[in-house]
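Just work-v4.tsv here, TSV, C-alpha atoms:
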```tsv
chain	number	residue	atom	x	y	z
A	27	MET	CA	82.27	107.28	115.30
A	28	LYS	CA	82.30	105.77	111.79
A	29	PHE	CA	84.80	103.01	112.58
A	30	PRO	CA	83.18	101.76	115.83
A	31	LEU	CA	79.71	101.96	114.26
A	32	LEU	CA	80.79	99.87	111.26
A	33	ALA	CA	82.65	97.46	113.54
A	34	SER	CA	79.56	97.07	115.72
A	35	VAL	CA	77.29	96.40	112.75
A	36	GLY	CA	79.79	93.88	111.38
A	37	LEU	CA	80.11	92.14	114.74
A	38	ALA	CA	76.33	91.92	115.20
A	39	THR	CA	75.91	90.53	111.67
A	40	ALA	CA	78.63	87.93	112.26
A	41	VAL	CA	77.10	86.81	115.56
A	42	VAL	CA	73.66	86.36	113.98
A	43	ALA	CA	75.07	84.60	110.91
A	44	PHE	CA	77.30	82.20	112.83
A	45	SER	CA	74.62	81.41	115.43
A	46	GLY	CA	72.34	80.35	112.60
A	47	VAL	CA	74.77	77.81	111.15
A	48	ALA	CA	76.93	76.70	114.09
A	49	SER	CA	75.30	76.67	117.51
A	50	ALA	CA	77.65	76.42	120.48
A	51	ASP	CA	77.95	72.88	121.77
A	52	PRO	CA	76.00	72.21	125.00
A	53	TYR	CA	78.31	72.67	127.96
A	54	TYR	CA	77.64	69.25	129.46
A	55	ARG	CA	79.46	67.66	126.54
A	56	HIS	CA	82.62	69.31	127.80
A	57	GLY	CA	82.08	68.76	131.51
A	58	TYR	CA	80.48	72.17	132.13
A	59	ARG	CA	76.93	73.10	133.09
A	60	ASP	CA	74.32	74.38	130.64
A	61	TYR	CA	74.28	77.75	132.42
A	62	LEU	CA	77.80	78.93	132.96
A	63	GLY	CA	78.62	81.86	135.22
A	64	THR	CA	82.08	83.40	134.89
A	65	ALA	CA	84.02	86.02	136.83
A	66	SER	CA	87.46	87.28	135.85
A	67	ALA	CA	90.08	89.94	136.49
A	68	SER	CA	92.58	91.08	133.85
A	69	PHE	CA	95.50	93.37	133.23
A	70	VAL	CA	94.66	95.59	130.25
A	71	TYR	CA	96.60	98.05	128.14
A	72	GLY	CA	95.15	100.56	125.69
A	73	PHE	CA	97.15	101.60	122.63
A	74	TRP	CA	96.02	105.17	121.98
A	75	THR	CA	94.43	105.85	118.57
A	76	GLY	CA	92.88	109.26	119.35
A	77	ASP	CA	94.01	112.84	118.92
A	78	GLY	CA	96.49	114.55	121.22
A	79	ASP	CA	99.70	113.65	123.03
A	80	TYR	CA	98.16	111.86	126.03
A	81	ASN	CA	97.29	108.18	126.26
A	82	ALA	CA	94.24	108.35	128.49
A	83	PHE	CA	94.07	104.53	128.53
A	84	ALA	CA	97.59	103.07	128.95
A	85	PRO	CA	97.80	100.33	131.63
A	86	GLY	CA	94.82	99.40	133.76
A	87	PHE	CA	92.70	96.57	135.12
A	88	ASN	CA	89.40	94.97	134.20
A	89	ALA	CA	86.77	93.12	136.25
A	90	ARG	CA	84.08	91.11	134.43
A	91	LEU	CA	81.04	89.08	135.49
A	92	GLY	CA	78.63	87.27	133.17
A	93	PHE	CA	76.47	84.28	132.32
A	94	THR	CA	76.25	82.11	129.20
A	95	LEU	CA	72.86	80.60	128.45
A	96	GLY	CA	72.47	77.08	127.06
A	97	SER	CA	72.04	78.50	123.56
A	98	GLY	CA	75.53	80.05	123.73
A	99	LEU	CA	74.30	83.63	124.22
A	100	TYR	CA	76.54	85.54	126.65
A	101	LEU	CA	75.25	88.38	128.84
A	102	GLY	CA	77.52	90.22	131.24
A	103	GLY	CA	79.05	93.41	132.49
A	104	ASP	CA	82.53	94.78	133.03
A	105	PHE	CA	84.40	97.61	134.67
A	106	ASP	CA	87.69	99.09	133.45
A	107	TRP	CA	90.03	101.50	135.19
A	108	PHE	CA	92.83	102.86	133.01
A	109	PHE	CA	95.54	104.74	134.89
A	110	GLY	CA	96.19	107.05	131.97
A	111	GLU	CA	99.25	109.20	131.48
A	112	SER	CA	100.91	112.17	133.18
A	113	HIS	CA	103.11	114.96	131.83
A	114	ASP	CA	105.40	117.20	133.87
A	115	ALA	CA	107.07	120.45	132.91
A	116	GLY	CA	109.07	123.11	134.69
A	117	VAL	CA	111.08	126.24	133.98
A	118	ALA	CA	112.64	128.94	136.16
A	119	GLY	CA	111.13	127.58	139.38
A	120	VAL	CA	107.64	127.22	137.94
A	121	ASN	CA	106.34	123.64	137.80
A	122	ALA	CA	103.30	122.20	136.05
A	123	SER	CA	101.88	118.69	135.82
A	124	SER	CA	98.82	117.20	134.17
A	125	HIS	CA	97.13	113.81	134.08
A	126	VAL	CA	94.35	112.19	132.02
A	127	GLY	CA	92.76	108.77	132.57
A	128	ILE	CA	89.64	106.76	131.71
A	129	TYR	CA	87.25	104.50	133.54
A	130	ASP	CA	84.09	102.83	132.25
A	131	ILE	CA	81.24	100.49	133.12
A	132	MET	CA	79.55	98.53	130.35
A	133	GLY	CA	77.05	95.80	129.67
A	134	GLU	CA	78.21	93.12	127.22
A	135	ILE	CA	76.47	90.79	124.81
A	136	GLY	CA	78.24	88.05	122.86
A	137	TYR	CA	78.13	84.48	121.65
A	138	ASP	CA	80.28	81.55	122.78
A	139	PHE	CA	81.77	79.21	120.18
A	140	TRP	CA	83.52	76.07	121.44
A	141	VAL	CA	86.62	75.71	119.27
A	142	HIS	CA	87.93	72.66	121.15
A	143	ARG	CA	87.20	70.72	124.34
A	144	HIS	CA	88.59	73.39	126.68
A	145	GLY	CA	88.45	76.57	124.60
A	146	ILE	CA	85.84	79.22	123.76
A	147	ILE	CA	86.00	82.12	121.32
A	148	ARG	CA	83.56	84.88	122.22
A	149	PRO	CA	82.84	87.74	119.77
A	150	LYS	CA	81.12	90.47	121.78
A	151	ILE	CA	80.23	94.12	122.08
A	152	GLY	CA	80.19	96.33	125.16
A	153	LEU	CA	77.89	99.34	125.58
A	154	GLY	CA	77.79	101.73	128.51
A	155	LEU	CA	79.31	104.84	130.06
A	156	GLY	CA	82.89	106.04	129.93
A	157	VAL	CA	84.44	108.83	131.98
A	158	GLU	CA	87.54	110.82	131.05
A	159	HIS	CA	88.98	112.39	134.18
A	160	GLY	CA	91.90	114.77	134.26
A	161	ASN	CA	93.65	117.35	136.38
A	162	ILE	CA	96.34	119.99	136.01
A	163	CYS	CA	98.52	121.44	138.75
A	164	GLY	CA	100.87	124.42	138.68
A	165	GLY	CA	102.93	126.26	141.21
A	166	VAL	CA	106.12	128.03	142.18
A	167	VAL	CA	108.88	126.24	144.07
A	168	GLY	CA	108.86	127.26	147.73
A	169	ILE	CA	105.42	128.89	147.54
A	170	GLY	CA	102.93	126.14	146.75
A	171	SER	CA	100.74	124.81	143.96
A	172	VAL	CA	97.15	124.94	142.77
A	173	CYS	CA	95.26	122.09	141.08
A	174	ASP	CA	92.13	121.95	138.99
A	175	GLY	CA	90.31	118.89	137.68
A	176	ARG	CA	87.40	117.90	135.46
A	177	SER	CA	85.49	114.81	134.34
A	178	LEU	CA	83.61	114.26	131.09
A	179	THR	CA	81.07	111.44	130.73
A	180	GLY	CA	79.92	109.93	127.46
A	181	PHE	CA	78.60	106.87	125.67
A	182	ALA	CA	81.18	104.08	125.44
A	183	ILE	CA	81.20	101.34	122.82
A	184	ALA	CA	83.68	98.46	122.63
A	185	PRO	CA	83.39	95.70	119.99
A	186	GLY	CA	85.91	92.91	120.47
A	187	ILE	CA	86.73	89.24	120.81
A	188	GLU	CA	87.81	87.08	123.76
A	189	TYR	CA	89.40	83.63	124.04
A	190	MET	CA	88.92	81.56	127.20
A	191	HIS	CA	90.89	78.38	127.98
A	192	PHE	CA	89.47	76.26	130.80
A	193	PHE	CA	91.39	74.33	133.45
A	194	ASP	CA	88.53	72.70	135.39
A	195	SER	CA	86.90	75.57	137.32
A	196	LEU	CA	89.60	78.10	136.39
A	197	PHE	CA	90.29	79.68	133.02
A	198	LEU	CA	92.80	81.90	131.25
A	199	THR	CA	91.34	84.78	129.28
A	200	VAL	CA	92.89	86.80	126.43
A	201	GLU	CA	90.98	89.58	124.70
A	202	GLY	CA	91.24	92.36	122.16
A	203	ARG	CA	88.78	95.20	121.57
A	204	TYR	CA	88.43	98.68	120.20
A	205	GLU	CA	86.90	101.23	122.58
A	206	THR	CA	85.76	104.78	122.02
A	207	VAL	CA	83.99	107.22	124.35
A	208	SER	CA	81.84	110.02	122.90
A	209	ILE	CA	82.44	113.18	124.92
A	210	ASP	CA	82.49	116.93	124.39
A	211	GLY	CA	85.77	117.35	122.52
A	212	PRO	CA	88.10	114.79	120.91
A	213	ASP	CA	86.79	111.29	121.63
A	214	PRO	CA	89.27	109.13	123.55
A	215	ASN	CA	89.72	105.81	121.78
A	216	ALA	CA	92.18	102.94	121.81
A	217	ILE	CA	92.87	99.36	120.81
A	218	ILE	CA	92.84	97.43	124.07
A	219	LEU	CA	94.56	94.13	124.80
A	220	GLY	CA	94.10	92.17	128.00
A	221	VAL	CA	95.12	88.96	129.75
A	222	GLY	CA	93.76	87.59	132.99
A	223	LEU	CA	92.39	84.74	135.10
A	224	GLY	CA	88.85	83.75	135.92
A	225	VAL	CA	86.64	81.20	137.65
A	226	ILE	CA	83.39	79.49	136.65
A	227	PHE	CA	80.48	79.09	139.05
```

Encoded form using structure tokens:
Amino acid sequence: MKFPLLASVGLATAVVAFSGVASADPYYRHGYRDYLGTASASFVYGFWTGDGDYNAFAPGFNARLGFTLGSGLYLGGDFDWFFGESHDAGVAGVNASSHVGIYDIMGEIGYDFWVHRHGIIRPKIGLGLGVEHGNICGGVVGIGSVCDGRSLTGFAIAPGIEYMHFFDSLFLTVEGRYETVSIDGPDPNAIILGVGLGVIF
């Protein structure tokens, strides 16, 4: 937890410091409303940085909904579903397979900086719940198989940064973040990259 804690403190300090010296431009100067609602969907991929041989993140998708106040403060929430990774093994007619994946739901807080007429950089941090779900199946060819599964829930934290490029009411989003989930056992964590499309309302 040392790295995400330090990253979170650093991100919070940067947001406060930058907001004090460089407020986000009012949206009406760029053709957007003072209160900007956004919804987006993204393809995400987590590059595993935890212990073990499984990437519980791997490819997945993200859905995000939020609002930016006139001051530039962003408040929102997101949901991630990572498909995870499976392993198969077999010997002498005995087969085994296992799978581990992650899903999470988090609230987000950030700050929007207009870097040009159609572009925003948003440093942010997500806090919420993450769930590691897994199952293992084993059996004998011609007889059948038995499966067992489990889910572990823990506190999820995800500091990161997002860039949004606007095309009228649509925008392209690119993001990077580090996510870790505190559970009983090795904490799943990964560097996550994502790209997607969104709409303002």

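What separates atom CA of Glu158 of chain A from atom CA of Pro85 of chain A is a distance of 14.7 Å.
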
Inset, instruction - Compare A:Ile131, A:Cys163, A:Ile146, A:Leu219 by their minimum atom-to-atom distance to Ala182 of chain A, counting all atoms listed in the file, and give me the closest one. - result: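 Under the stated criterion, the closest residue is A:Ile131.
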
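Computed from the coordinates, the atom CA of Ala84 of chain A to atom CA of His125 of chain A distance equals 11.9 Å.
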
Legend entry - Option closest in space to Ile209 of chain A, from A:Ile128, A:Cys173, A:Met190, A:Ala115 [counting only C-alpha atoms]: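 Using only C-alpha atoms, the shortest distance to Ile209 of chain A belongs to A:Ile128.
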
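Checking A:Asn88, A:Ser112, A:Ser171, A:Asn161 one by one against Met132 of chain A, counting all atoms listed in the file, you find the shortest gap at A:Asn88.
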
Legend entry - Point-to-point distance from atom CA of His159 of chain A to atom CA of Arg90 of chain A, Å rounded to tenths: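 Atom CA of His159 of chain A sits 21.8 Å away from atom CA of Arg90 of chain A.
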
Inset, instruction - Name all residues at most 9 Å from Ile217 of chain A (count all atoms listed in the file; drop same-chain ones fewer than 3 positions away) and give them as a list in words. - result: Tyr71, Gly72, Phe73, Trp74, Thr75, Gly202, Arg203, Tyr204 and Glu205 of chain A
